[in-house]
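Q: Okay, so here is start-v8.pdb, and as you'll see once you scroll down, it has PDB, C-alpha atoms.
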```pdb
ATOM      1  CA  LEU A   1      87.760  89.017  71.927  1.00  0.00           C
ATOM      2  CA  ASN A   2      91.007  88.482  70.003  1.00  0.00           C
ATOM      3  CA  ILE A   3      92.471  91.707  71.429  1.00  0.00           C
ATOM      4  CA  TYR A   4      91.504  90.525  74.921  1.00  0.00           C
ATOM      5  CA  LYS A   5      93.241  87.182  74.366  1.00  0.00           C
ATOM      6  CA  LYS A   6      96.366  88.947  73.078  1.00  0.00           C
ATOM      7  CA  ASN A   7      96.458  91.185  76.149  1.00  0.00           C
ATOM      8  CA  ILE A   8      96.127  88.208  78.466  1.00  0.00           C
ATOM      9  CA  LYS A   9      98.900  86.332  76.621  1.00  0.00           C
ATOM     10  CA  SER A  10     101.145  89.401  76.674  1.00  0.00           C
ATOM     11  CA  LYS A  11     100.581  89.837  80.396  1.00  0.00           C
ATOM     12  CA  MET A  12     101.339  86.161  81.111  1.00  0.00           C
ATOM     13  CA  ASN A  13     104.608  86.428  79.160  1.00  0.00           C
ATOM     14  CA  ASN A  14     105.914  88.479  82.074  1.00  0.00           C
ATOM     15  CA  PHE A  15     105.312  85.567  84.443  1.00  0.00           C
ATOM     16  CA  VAL A  16     107.966  82.902  84.990  1.00  0.00           C
ATOM     17  CA  SER A  17     107.441  79.809  87.100  1.00  0.00           C
ATOM     18  CA  LEU A  18     110.150  78.810  89.544  1.00  0.00           C
ATOM     19  CA  VAL A  19     110.586  75.428  91.225  1.00  0.00           C
ATOM     20  CA  PRO A  20     113.364  75.579  93.856  1.00  0.00           C
ATOM     21  CA  ILE A  21     114.591  72.163  95.019  1.00  0.00           C
ATOM     22  CA  ARG A  22     117.721  71.067  96.823  1.00  0.00           C
ATOM     23  CA  ALA A  23     119.337  67.734  97.560  1.00  0.00           C
ATOM     24  CA  GLY A  24     119.473  68.000 101.340  1.00  0.00           C
ATOM     25  CA  SER A  25     116.420  67.389 103.505  1.00  0.00           C
ATOM     26  CA  LYS A  26     116.286  66.748 107.233  1.00  0.00           C
ATOM     27  CA  GLY A  27     112.720  65.455 107.424  1.00  0.00           C
ATOM     28  CA  LEU A  28     112.616  63.058 104.458  1.00  0.00           C
ATOM     29  CA  LYS A  29     115.713  62.229 102.428  1.00  0.00           C
ATOM     30  CA  ASN A  30     115.454  62.948  98.690  1.00  0.00           C
ATOM     31  CA  LYS A  31     111.824  64.014  99.063  1.00  0.00           C
ATOM     32  CA  ASN A  32     111.869  66.309  96.020  1.00  0.00           C
ATOM     33  CA  ILE A  33     112.634  63.402  93.699  1.00  0.00           C
ATOM     34  CA  ALA A  34     110.336  60.900  95.423  1.00  0.00           C
ATOM     35  CA  LYS A  35     107.913  59.401  92.914  1.00  0.00           C
ATOM     36  CA  ILE A  36     104.129  59.398  92.938  1.00  0.00           C
ATOM     37  CA  LYS A  37     102.579  57.170  90.262  1.00  0.00           C
ATOM     38  CA  GLY A  38     106.001  56.984  88.626  1.00  0.00           C
ATOM     39  CA  ILE A  39     106.526  60.757  88.372  1.00  0.00           C
ATOM     40  CA  PRO A  40     109.060  62.553  90.625  1.00  0.00           C
ATOM     41  CA  LEU A  41     107.541  65.236  92.841  1.00  0.00           C
ATOM     42  CA  TYR A  42     109.542  68.059  91.290  1.00  0.00           C
ATOM     43  CA  LEU A  43     108.540  66.992  87.758  1.00  0.00           C
ATOM     44  CA  ARG A  44     104.844  66.965  88.667  1.00  0.00           C
ATOM     45  CA  THR A  45     105.258  70.604  89.678  1.00  0.00           C
ATOM     46  CA  VAL A  46     107.288  71.500  86.573  1.00  0.00           C
ATOM     47  CA  ASN A  47     104.631  69.959  84.316  1.00  0.00           C
ATOM     48  CA  GLN A  48     101.970  71.907  86.170  1.00  0.00           C
ATOM     49  CA  ALA A  49     103.981  75.129  85.866  1.00  0.00           C
ATOM     50  CA  LEU A  50     104.232  74.712  82.087  1.00  0.00           C
ATOM     51  CA  ARG A  51     100.457  74.503  81.861  1.00  0.00           C
ATOM     52  CA  ILE A  52     100.308  77.974  83.412  1.00  0.00           C
ATOM     53  CA  THR A  53     103.405  79.801  82.145  1.00  0.00           C
ATOM     54  CA  GLU A  54     105.563  79.546  79.046  1.00  0.00           C
ATOM     55  CA  LYS A  55     108.828  79.158  80.990  1.00  0.00           C
ATOM     56  CA  CYS A  56     109.730  77.235  84.140  1.00  0.00           C
ATOM     57  CA  ILE A  57     113.056  77.530  85.967  1.00  0.00           C
ATOM     58  CA  ILE A  58     114.334  74.668  88.101  1.00  0.00           C
ATOM     59  CA  ASN A  59     116.769  75.996  90.703  1.00  0.00           C
ATOM     60  CA  THR A  60     118.627  72.989  92.083  1.00  0.00           C
ATOM     61  CA  ASP A  61     121.850  71.382  93.248  1.00  0.00           C
ATOM     62  CA  ILE A  62     120.585  67.828  92.600  1.00  0.00           C
ATOM     63  CA  ASP A  63     123.069  66.144  90.232  1.00  0.00           C
ATOM     64  CA  SER A  64     120.610  63.684  88.697  1.00  0.00           C
ATOM     65  CA  ILE A  65     118.335  66.555  87.658  1.00  0.00           C
ATOM     66  CA  LEU A  66     121.182  68.713  86.354  1.00  0.00           C
ATOM     67  CA  ARG A  67     122.354  65.783  84.183  1.00  0.00           C
ATOM     68  CA  LYS A  68     118.887  65.064  82.795  1.00  0.00           C
ATOM     69  CA  LYS A  69     118.726  65.793  79.053  1.00  0.00           C
ATOM     70  CA  ASN A  70     115.089  65.314  78.047  1.00  0.00           C
ATOM     71  CA  PHE A  71     113.313  68.224  79.687  1.00  0.00           C
ATOM     72  CA  ASP A  72     110.722  70.217  77.798  1.00  0.00           C
ATOM     73  CA  LYS A  73     112.364  72.991  75.736  1.00  0.00           C
ATOM     74  CA  ASN A  74     110.716  75.597  77.965  1.00  0.00           C
ATOM     75  CA  VAL A  75     112.388  74.273  81.123  1.00  0.00           C
ATOM     76  CA  ILE A  76     115.475  76.196  82.241  1.00  0.00           C
ATOM     77  CA  LEU A  77     117.945  74.464  84.545  1.00  0.00           C
ATOM     78  CA  PHE A  78     119.787  76.749  86.946  1.00  0.00           C
ATOM     79  CA  GLU A  79     122.536  75.100  88.985  1.00  0.00           C
ATOM     80  CA  ARG A  80     122.401  76.302  92.556  1.00  0.00           C
ATOM     81  CA  ASP A  81     125.772  77.039  94.113  1.00  0.00           C
ATOM     82  CA  LYS A  82     126.514  74.686  97.014  1.00  0.00           C
ATOM     83  CA  LYS A  83     126.837  77.646  99.387  1.00  0.00           C
ATOM     84  CA  PHE A  84     123.161  78.361  98.743  1.00  0.00           C
ATOM     85  CA  ALA A  85     122.072  74.779  99.388  1.00  0.00           C
ATOM     86  CA  GLU A  86     122.778  74.398 103.105  1.00  0.00           C
ATOM     87  CA  ASP A  87     120.125  73.537 105.711  1.00  0.00           C
ATOM     88  CA  ASP A  88     120.220  77.067 107.102  1.00  0.00           C
ATOM     89  CA  THR A  89     120.412  78.947 103.785  1.00  0.00           C
ATOM     90  CA  HIS A  90     117.605  81.498 103.602  1.00  0.00           C
ATOM     91  CA  MET A  91     115.450  81.429 100.467  1.00  0.00           C
ATOM     92  CA  ASN A  92     116.097  85.166 100.013  1.00  0.00           C
ATOM     93  CA  LEU A  93     119.749  84.429  99.231  1.00  0.00           C
ATOM     94  CA  VAL A  94     118.787  81.696  96.777  1.00  0.00           C
ATOM     95  CA  LEU A  95     116.370  84.018  94.988  1.00  0.00           C
ATOM     96  CA  LYS A  96     118.726  86.995  94.823  1.00  0.00           C
ATOM     97  CA  ASP A  97     121.477  84.865  93.273  1.00  0.00           C
ATOM     98  CA  LEU A  98     119.061  83.511  90.663  1.00  0.00           C
ATOM     99  CA  PHE A  99     117.444  86.832  89.758  1.00  0.00           C
ATOM    100  CA  LEU A 100     120.749  88.640  89.254  1.00  0.00           C
ATOM    101  CA  LYS A 101     122.489  85.856  87.331  1.00  0.00           C
ATOM    102  CA  MET A 102     119.520  85.256  85.032  1.00  0.00           C
ATOM    103  CA  ASN A 103     118.657  88.947  84.695  1.00  0.00           C
ATOM    104  CA  LEU A 104     114.972  88.480  85.513  1.00  0.00           C
ATOM    105  CA  ILE A 105     114.324  92.203  85.944  1.00  0.00           C
ATOM    106  CA  ASN A 106     110.690  93.180  85.189  1.00  0.00           C
ATOM    107  CA  LYS A 107     109.494  89.578  85.533  1.00  0.00           C
ATOM    108  CA  PHE A 108     106.842  88.246  87.899  1.00  0.00           C
ATOM    109  CA  ILE A 109     107.707  85.016  89.671  1.00  0.00           C
ATOM    110  CA  ILE A 110     105.302  82.182  90.437  1.00  0.00           C
ATOM    111  CA  LEU A 111     107.214  80.145  93.008  1.00  0.00           C
ATOM    112  CA  LEU A 112     105.795  76.639  93.298  1.00  0.00           C
ATOM    113  CA  GLN A 113     106.884  74.243  96.021  1.00  0.00           C
ATOM    114  CA  ALA A 114     107.513  70.728  94.723  1.00  0.00           C
ATOM    115  CA  THR A 115     106.315  69.187  97.979  1.00  0.00           C
ATOM    116  CA  SER A 116     102.752  70.516  97.515  1.00  0.00           C
ATOM    117  CA  PRO A 117     101.481  68.091  94.837  1.00  0.00           C
ATOM    118  CA  LEU A 118      97.791  68.466  95.731  1.00  0.00           C
ATOM    119  CA  ARG A 119      97.783  72.060  94.483  1.00  0.00           C
ATOM    120  CA  LYS A 120      95.487  72.377  91.442  1.00  0.00           C
ATOM    121  CA  ASP A 121      96.029  74.425  88.285  1.00  0.00           C
ATOM    122  CA  GLU A 122      93.004  76.485  89.270  1.00  0.00           C
ATOM    123  CA  ASP A 123      94.665  77.381  92.571  1.00  0.00           C
ATOM    124  CA  ILE A 124      97.562  78.957  90.696  1.00  0.00           C
ATOM    125  CA  LYS A 125      95.284  80.734  88.213  1.00  0.00           C
ATOM    126  CA  ASN A 126      93.134  82.133  91.023  1.00  0.00           C
ATOM    127  CA  ALA A 127      96.220  83.383  92.867  1.00  0.00           C
ATOM    128  CA  ILE A 128      97.441  85.048  89.645  1.00  0.00           C
ATOM    129  CA  ASN A 129      94.082  86.803  89.268  1.00  0.00           C
ATOM    130  CA  ILE A 130      94.405  88.222  92.782  1.00  0.00           C
ATOM    131  CA  PHE A 131      97.965  89.377  92.091  1.00  0.00           C
ATOM    132  CA  ASN A 132      96.882  90.992  88.821  1.00  0.00           C
ATOM    133  CA  GLU A 133      94.517  93.255  90.741  1.00  0.00           C
ATOM    134  CA  GLY A 134      97.671  95.262  91.456  1.00  0.00           C
ATOM    135  CA  LYS A 135      96.903  95.808  95.128  1.00  0.00           C
ATOM    136  CA  TYR A 136      99.543  93.581  96.706  1.00  0.00           C
ATOM    137  CA  SER A 137     103.325  93.260  96.841  1.00  0.00           C
ATOM    138  CA  MET A 138     102.920  89.493  96.944  1.00  0.00           C
ATOM    139  CA  VAL A 139     100.150  86.916  96.881  1.00  0.00           C
ATOM    140  CA  MET A 140     100.643  83.610  98.652  1.00  0.00           C
ATOM    141  CA  SER A 141      98.530  80.539  99.266  1.00  0.00           C
ATOM    142  CA  VAL A 142      97.312  79.914 102.801  1.00  0.00           C
ATOM    143  CA  ARG A 143      95.139  77.625 104.889  1.00  0.00           C
ATOM    144  CA  THR A 144      92.972  78.403 107.899  1.00  0.00           C
ATOM    145  CA  VAL A 145      94.369  77.376 111.293  1.00  0.00           C
ATOM    146  CA  GLU A 146      93.041  77.490 114.853  1.00  0.00           C
ATOM    147  CA  SER A 147      92.685  81.059 116.135  1.00  0.00           C
ATOM    148  CA  ASN A 148      93.842  79.960 119.602  1.00  0.00           C
ATOM    149  CA  PHE A 149      97.362  80.285 118.226  1.00  0.00           C
ATOM    150  CA  LEU A 150      97.071  84.013 118.916  1.00  0.00           C
ATOM    151  CA  LYS A 151      96.936  83.301 122.646  1.00  0.00           C
ATOM    152  CA  TYR A 152     100.243  81.413 122.575  1.00  0.00           C
ATOM    153  CA  GLY A 153     103.648  82.712 123.568  1.00  0.00           C
ATOM    154  CA  TYR A 154     107.300  81.787 123.479  1.00  0.00           C
ATOM    155  CA  GLU A 155     109.897  81.346 126.219  1.00  0.00           C
ATOM    156  CA  LYS A 156     112.657  83.891 126.772  1.00  0.00           C
ATOM    157  CA  ASN A 157     114.849  84.179 129.865  1.00  0.00           C
ATOM    158  CA  ASP A 158     112.418  81.964 131.821  1.00  0.00           C
ATOM    159  CA  LYS A 159     109.504  84.247 130.925  1.00  0.00           C
ATOM    160  CA  PHE A 160     106.368  83.730 128.859  1.00  0.00           C
ATOM    161  CA  ILE A 161     106.363  86.260 126.018  1.00  0.00           C
ATOM    162  CA  PRO A 162     102.973  86.583 124.277  1.00  0.00           C
ATOM    163  CA  ILE A 163     103.000  86.325 120.507  1.00  0.00           C
ATOM    164  CA  ALA A 164     100.249  88.956 120.380  1.00  0.00           C
ATOM    165  CA  GLU A 165      99.569  90.792 123.642  1.00  0.00           C
ATOM    166  CA  LYS A 166      96.211  92.230 122.577  1.00  0.00           C
ATOM    167  CA  PHE A 167      94.778  88.754 122.053  1.00  0.00           C
ATOM    168  CA  LEU A 168      96.263  87.029 125.124  1.00  0.00           C
ATOM    169  CA  TYR A 169      93.130  87.282 127.290  1.00  0.00           C
ATOM    170  CA  LYS A 170      90.504  87.414 124.550  1.00  0.00           C
ATOM    171  CA  ASN A 171      87.702  84.869 124.440  1.00  0.00           C
ATOM    172  CA  ARG A 172      88.194  82.315 121.705  1.00  0.00           C
ATOM    173  CA  GLN A 173      85.033  83.559 119.970  1.00  0.00           C
ATOM    174  CA  SER A 174      86.532  87.070 119.763  1.00  0.00           C
ATOM    175  CA  LEU A 175      89.707  86.032 117.996  1.00  0.00           C
ATOM    176  CA  PRO A 176      90.098  86.908 114.294  1.00  0.00           C
ATOM    177  CA  LYS A 177      90.474  84.340 111.553  1.00  0.00           C
ATOM    178  CA  VAL A 178      94.067  83.070 111.438  1.00  0.00           C
ATOM    179  CA  LEU A 179      95.794  82.060 108.207  1.00  0.00           C
ATOM    180  CA  ALA A 180      99.040  80.140 107.757  1.00  0.00           C
ATOM    181  CA  PRO A 181     101.152  79.969 104.586  1.00  0.00           C
ATOM    182  CA  ASN A 182     100.862  76.460 103.138  1.00  0.00           C
ATOM    183  CA  GLY A 183     103.949  76.872 100.936  1.00  0.00           C
ATOM    184  CA  ALA A 184     102.227  75.911  97.697  1.00  0.00           C
ATOM    185  CA  ILE A 185     102.217  79.247  95.817  1.00  0.00           C
ATOM    186  CA  TYR A 186     104.063  82.572  96.054  1.00  0.00           C
ATOM    187  CA  ILE A 187     103.650  85.272  93.394  1.00  0.00           C
ATOM    188  CA  PHE A 188     105.737  88.443  93.430  1.00  0.00           C
ATOM    189  CA  SER A 189     107.686  90.924  91.329  1.00  0.00           C
ATOM    190  CA  VAL A 190     111.444  90.510  90.872  1.00  0.00           C
ATOM    191  CA  ASN A 191     111.819  94.303  90.910  1.00  0.00           C
ATOM    192  CA  GLU A 192     109.949  94.515  94.211  1.00  0.00           C
ATOM    193  CA  PHE A 193     112.116  91.743  95.666  1.00  0.00           C
ATOM    194  CA  LEU A 194     115.368  93.430  94.639  1.00  0.00           C
ATOM    195  CA  LYS A 195     114.451  96.710  96.347  1.00  0.00           C
ATOM    196  CA  LYS A 196     115.222  95.067  99.706  1.00  0.00           C
ATOM    197  CA  ASN A 197     116.656  91.715  98.577  1.00  0.00           C
ATOM    198  CA  LYS A 198     113.930  89.798 100.347  1.00  0.00           C
ATOM    199  CA  LEU A 199     110.397  88.554  99.938  1.00  0.00           C
ATOM    200  CA  PRO A 200     107.776  91.143 100.900  1.00  0.00           C
ATOM    201  CA  VAL A 201     106.582  91.120 104.514  1.00  0.00           C
ATOM    202  CA  LYS A 202     103.946  93.829 104.116  1.00  0.00           C
ATOM    203  CA  ASN A 203     100.938  94.334 101.852  1.00  0.00           C
ATOM    204  CA  ILE A 204     100.531  90.613 101.206  1.00  0.00           C
ATOM    205  CA  GLY A 205      97.424  89.275  99.527  1.00  0.00           C
ATOM    206  CA  TYR A 206      96.321  85.687  99.964  1.00  0.00           C
ATOM    207  CA  TYR A 207      94.567  82.861  98.201  1.00  0.00           C
ATOM    208  CA  GLU A 208      92.999  80.381 100.574  1.00  0.00           C
ATOM    209  CA  MET A 209      93.291  76.674  99.833  1.00  0.00           C
ATOM    210  CA  PRO A 210      91.400  73.960 101.734  1.00  0.00           C
ATOM    211  CA  ALA A 211      93.308  71.941 104.321  1.00  0.00           C
ATOM    212  CA  GLU A 212      93.011  68.770 102.250  1.00  0.00           C
ATOM    213  CA  ARG A 213      94.997  70.368  99.408  1.00  0.00           C
ATOM    214  CA  SER A 214      97.482  72.089 101.708  1.00  0.00           C
ATOM    215  CA  ILE A 215      99.522  69.055 102.759  1.00  0.00           C
ATOM    216  CA  ASP A 216     103.247  69.791 102.546  1.00  0.00           C
ATOM    217  CA  ILE A 217     105.455  66.723 102.332  1.00  0.00           C
ATOM    218  CA  ASP A 218     107.988  66.878 105.151  1.00  0.00           C
ATOM    219  CA  LYS A 219     108.089  63.308 106.417  1.00  0.00           C
ATOM    220  CA  LYS A 220     107.394  59.761 105.230  1.00  0.00           C
ATOM    221  CA  GLU A 221     103.842  59.815 106.619  1.00  0.00           C
ATOM    222  CA  ASP A 222     103.004  62.886 104.515  1.00  0.00           C
ATOM    223  CA  LEU A 223     104.306  61.206 101.358  1.00  0.00           C
ATOM    224  CA  ASN A 224     102.302  58.033 102.056  1.00  0.00           C
ATOM    225  CA  THR A 225      99.147  60.073 102.696  1.00  0.00           C
ATOM    226  CA  ILE A 226      99.512  61.947  99.413  1.00  0.00           C
ATOM    227  CA  ARG A 227     100.245  58.751  97.498  1.00  0.00           C
ATOM    228  CA  ARG A 228      96.960  57.319  98.801  1.00  0.00           C
ATOM    229  CA  ILE A 229      95.035  60.469  97.892  1.00  0.00           C
ATOM    230  CA  ILE A 230      96.431  60.683  94.352  1.00  0.00           C
ATOM    231  CA  SER A 231      95.998  56.934  93.769  1.00  0.00           C
ATOM    232  CA  ASN A 232      92.319  57.300  94.609  1.00  0.00           C
ATOM    233  CA  GLU A 233      91.768  60.303  92.328  1.00  0.00           C
ATOM    234  CA  ILE A 234      89.482  59.804  89.361  1.00  0.00           C
ATOM    235  CA  ASN A 235      91.284  60.798  86.163  1.00  0.00           C
TER     236      ASN A 235
END
```
Could you quickly redo this structure as structure tokens?
A:
Amino acid sequence: LNIYKKNIKSKMNNFVSLVPIRAGSKGLKNKNIAKIKGIPLYLRTVNQALRITEKCIINTDIDSILRKKNFDKNVILFERDKKFAEDDTHMNLVLKDLFLKMNLINKFIILLQATSPLRKDEDIKNAINIFNEGKYSMVMSVRTVESNFLKYGYEKNDKFIPIAEKFLYKNRQSLPKVLAPNGAIYIFSVNEFLKKNKLPVKNIGYYEMPAERSIDIDKKEDLNTIRRIISNEIN
């Protein structure tokens, strides 16, 4: 049993939690530092991360966080360059800059979105277990959505372009189950990322979370909903 525990601990030492947060936000201003029961959103996620992994990196351009002095000793602050904090900056660029500057080669990243505060510790642990099976390039959390989405299309040059031609005229009952990333959890290898300098798009495993825990705070209504839910939780 002791050998088993040592192996588990050794394996988890290769995992590093990452909480990426930036100052700008179109939907809800300063949402990452909005407080729920007196605790900023980002700090709720950092505290959760430290219950799972030994180290947690905060990648941010938010001055008030960068100036904060009383973080847990296992929290690492990484100041995000302003050029990687624009509205249209792709997360791949943010991640590449971090991985190279911090030399995170051979590490596994557990990326946790601060705006998903209903995510439970068990959700992260279950996603890690799936990743540890060694079958996937990445494991991400998802929620089930309506399958009718497969019959949709987009407009191009005044034409309707089907998203998936083979499903366009299928009966609803014949459509496969459709999953959507909920943004709460992404687990992947830094080495795998650096092969193409982007998050994997193939061979992705998933961990399904219920809709009620998949709320992503993007606007004021989302924040109010989550505040009500958390206020009503039994501690």
Q: Residue by residue, what does the PyMOL selection byres ((chain A and resi 47) around 12) grab here? Present the result as JSON, numbers by chain.
A: {"A": [17, 18, 19, 39, 40, 41, 42, 43, 44, 45, 46, 48, 49, 50, 51, 52, 53, 54, 55, 56, 57, 58, 71, 72, 73, 74, 75, 112, 114, 117, 120, 121]}
Q: When the PyMOL selection byres ((chain A and resi 134) around 12) is applied to the file above, which residues end up in the set, as a list in words?
A: Ile128, Asn129, Ile130, Phe131, Asn132, Glu133, Lys135, Tyr136, Ser137, Met138, Val139, Ile187, Phe188, Ser189, Asn203, Ile204 and Gly205 of chain A
Q: Take the PyMOL selection byres ((chain A and resi 65) around 12), apply it to the structure above, and return the hits as a short mmCIF file (atom, residue, chain, number, x, y, z; two decimals) with C-alpha atoms, in the frame of the given file.
A:
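Output file expr27.cif is given in full below:
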```cif
data_model
loop_
_atom_site.label_atom_id
_atom_site.label_comp_id
_atom_site.auth_asym_id
_atom_site.auth_seq_id
_atom_site.Cartn_x
_atom_site.Cartn_y
_atom_site.Cartn_z
CA ILE A 21 114.59 72.16 95.02
CA ARG A 22 117.72 71.07 96.82
CA ALA A 23 119.34 67.73 97.56
CA ASN A 30 115.45 62.95 98.69
CA ASN A 32 111.87 66.31 96.02
CA ILE A 33 112.63 63.40 93.70
CA PRO A 40 109.06 62.55 90.62
CA TYR A 42 109.54 68.06 91.29
CA LEU A 43 108.54 66.99 87.76
CA ILE A 58 114.33 74.67 88.10
CA ASN A 59 116.77 76.00 90.70
CA THR A 60 118.63 72.99 92.08
CA ASP A 61 121.85 71.38 93.25
CA ILE A 62 120.58 67.83 92.60
CA ASP A 63 123.07 66.14 90.23
CA SER A 64 120.61 63.68 88.70
CA LEU A 66 121.18 68.71 86.35
CA ARG A 67 122.35 65.78 84.18
CA LYS A 68 118.89 65.06 82.80
CA LYS A 69 118.73 65.79 79.05
CA ASN A 70 115.09 65.31 78.05
CA PHE A 71 113.31 68.22 79.69
CA VAL A 75 112.39 74.27 81.12
CA ILE A 76 115.48 76.20 82.24
CA LEU A 77 117.94 74.46 84.54
CA PHE A 78 119.79 76.75 86.95
CA GLU A 79 122.54 75.10 88.98
CA ARG A 80 122.40 76.30 92.56
#
```
Q: Which of these residues is nearest to Ile36 of chain A, using only C-alpha atoms: A:Ala184, A:Val190, A:Leu118, A:Ile215?
A: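 Checking each of A:Ala184, A:Val190, A:Leu118, A:Ile215 against Ile36 of chain A, counting only C-alpha atoms, the winner is A:Leu118.
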Q: Between atom CA of Ser174 of chain A and atom CA of Thr144 of chain A, what is the spacing in Å?
A: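 So the two atoms, atom CA of Thr144 of chain A and atom CA of Ser174 of chain A, lie 16.0 Å apart.
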